[in-house]
Every structure is written in structure tokens, then in C-alpha cells.
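The structure appears right after this line, and notes come after that.
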Amino acid sequence: MPIFNLVSGELEPEEDPRPGYHRFSTRVGQRVGGERIGASLYELGEGERVCPYHYHHGTEEWLYVVAGAPTLRTPEGEQALRPGDAVCFPVGPEGAHDVRGPGRVLILSANRWPDVVVYPDSDKLGARPAPYPEQMADRGNFRRSDAVGYWEGEA
């Protein structure tokens with residue numbers, strides 16, 4: 001069985017790093033042969049974030065702090081974390097979160113499909129039908145203000 005060390009394992013540089021977001025990560029789940037549980041390890045510099053503030057309708061996520069002192073944002077506000085801390089982000093608005101560095105954090109997810117991701121700060125919805133390449137055409141992010149009625153465009 002493949003083994004990956006969360007403390008000292010080498011991370012890969014992002015191909016297209018965005019300012020303010022992580023520059024190094026690795027898909028630990030894939031590296032250790034996982035299929036039902038996704039896991040990604042992120043190295044966050046001061047103030048860098050893993051992703052925008054969001055929650056899922058369909059997928060539970062967990063955060064585990066490997067090293068550093070990251071800051072977690074949830075609907076309850078912000079709080080400092082420390083190595084060894086673990087947090088569960090349940091499905092729905094109460095599970096909204098993002099994390100900001102510095103630190104090394106592992107994010108685990110239940111790999112459930114389909115999934116809908118909500119980004120409250122930008123008022124977007126993300127459609128995640130499945131991880132399969134042939135279904136990527138149906139994956140996308142949409143502003144809620146672009147929503148149309150159920151019968152819009154139908155005969």
C-alpha cells in the first residue's frame with residue numbers, strides 16, 4: 001500500500017496559482033490509492049487561502065491542521081487553529097468555511113456525486129455532477145442572479 005507523510009511529504013506547485021491562494025498542494029487521496037475519500041494537503045503562506053468561502057449540498061468535508069497556525073472562517077466567525085486540530089464541515093450552510101495560512105492543512109471530503117457548492121460571498125452556485133472527464137461539460141459556476149424560471153426556453 002502506498003504511504004504519504006503529511007508532515008514531510010513533498011507538495012507540487014500549482015500550475016496556475018492565483019494571488020492570495022495556495023501555491024503548493026498534493027492530492028493525498030490519489031497518492032495513497034483512495035477512491036471513496038478525497039484528501040488534499042495544502043501548504044499555505046501567510047494570508048493564503050485554500051479556496052473561497054463555501055459550503056456543499058451533498059459532500060461533508062473535514063479539516064486537519066498538520067502544522068502552523070491557520071485561521072478558520074465559519075458562520076460563527078474566525079478562530080485560530082493549531083497543529084492537531086480537526087474540524088468537520090457538515091453539508092449545508094452551517095458547514096460554510098475557508099481557511100487562511102500560515103500552515104499545512106489536510107482537507108478530506110466524502111467524494112459524493114453529484115454535489116452543489118455554494119459561494120456566499122460571491123453569490124454563486126457550482127454544479128459538480130461527477131469527477132469523470134466525460135461529464136466535465138456539465139460542471140460550472142453560475143451567479144444566482146443569472147437564474148431563470150423553470151419553464152424558461154421550453155416549448
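We label chains A, B, ... in the order they appear in the C-alpha cells, count residues from 1 in each chain, and number ligands from 1 in the order shown.
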What's around Pro75 in chain A at 8 Å? Count only C-alpha atoms, leave out sequence neighbours fewer than 4 positions away in its own chain, and write the answer as a PDB file with N, CA and C atoms, in the first residue's frame.
```pdb
ATOM      1  N   GLU A  94     -24.557  25.601   7.438  1.00  0.00           N
ATOM      2  CA  GLU A  94     -23.816  25.563   8.702  1.00  0.00           C
ATOM      3  C   GLU A  94     -22.399  25.026   8.524  1.00  0.00           C
ATOM      4  N   GLY A  95     -22.107  24.422   7.382  1.00  0.00           N
ATOM      5  CA  GLY A  95     -20.774  23.902   7.096  1.00  0.00           C
ATOM      6  C   GLY A  95     -19.906  24.846   6.275  1.00  0.00           C
ATOM      7  N   ALA A  96     -20.340  26.094   6.086  1.00  0.00           N
ATOM      8  CA  ALA A  96     -19.565  27.058   5.291  1.00  0.00           C
ATOM      9  C   ALA A  96     -18.199  27.287   5.943  1.00  0.00           C
ATOM     10  N   HIS A  97     -17.173  27.416   5.092  1.00  0.00           N
ATOM     11  CA  HIS A  97     -15.823  27.552   5.639  1.00  0.00           C
ATOM     12  C   HIS A  97     -14.826  28.045   4.602  1.00  0.00           C
TER      13      HIS A  97
END
```
- Query: Ala110 in chain A: which residues within 10 Å, counting only C-alpha atoms, same-chain residues fewer than 6 positions away excluded, as a count of residues only?
  - Reply: 10
- Pro70 in chain A proximity check over A:Glu43, A:Arg49, A:Pro83, A:Gly103, using only C-alpha atoms: winner is A:Gly103
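If you measure from each of A:Met1, A:Cys51, A:Ala130, A:Cys88 to His22 in chain A using only C-alpha atoms, the closest one turns out to be A:Cys51.
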- Message: What's around Gly68 in chain A at 10 Å? Count only C-alpha atoms, leave out sequence neighbours fewer than 5 positions away in its own chain, and write the answer as a list in words.
- Response: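 Result of the neighbour search: Glu43, Leu44, Gly45, Glu46, Leu81, Arg82, Pro83, Gly84, Gly101, Pro102, Gly103, Arg104 and Val105 of chain A.
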- Which one of A:Leu41, A:Leu106, A:Val32, A:Leu63 sits closest to Pro13 in chain A if you count only C-alpha atoms?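 Looking only at the distances to Pro13 in chain A, the closest residue turns out to be A:Leu41.
Backbone DSSP over chain A yields alpha helix (DSSP H) at Val28, Gly29, Gln30 and Arg31 of chain A.
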- Task: Within 7 Å of Lys124 in chain A, counting only C-alpha atoms, which residues show up once you throw out same-chain ones fewer than 5 positions away? Write them as number ranges by chain, please.
- Result: A: 118-119, 141-144
- Tell me, which residues of chain A carry DSSP strand (DSSP E or B), written as a PyMOL selection string? chain A and resi 12-13+21+24-27+38-44+49+54-57+61-68+71-74+77-80+86-89+97-100+103-109+115-119+124-128+140-143
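Counting only C-alpha atoms and comparing A:Gln79, A:Phe89, A:Val66, A:Val99, the residue that lies closest to Gly20 in chain A is A:Val99.
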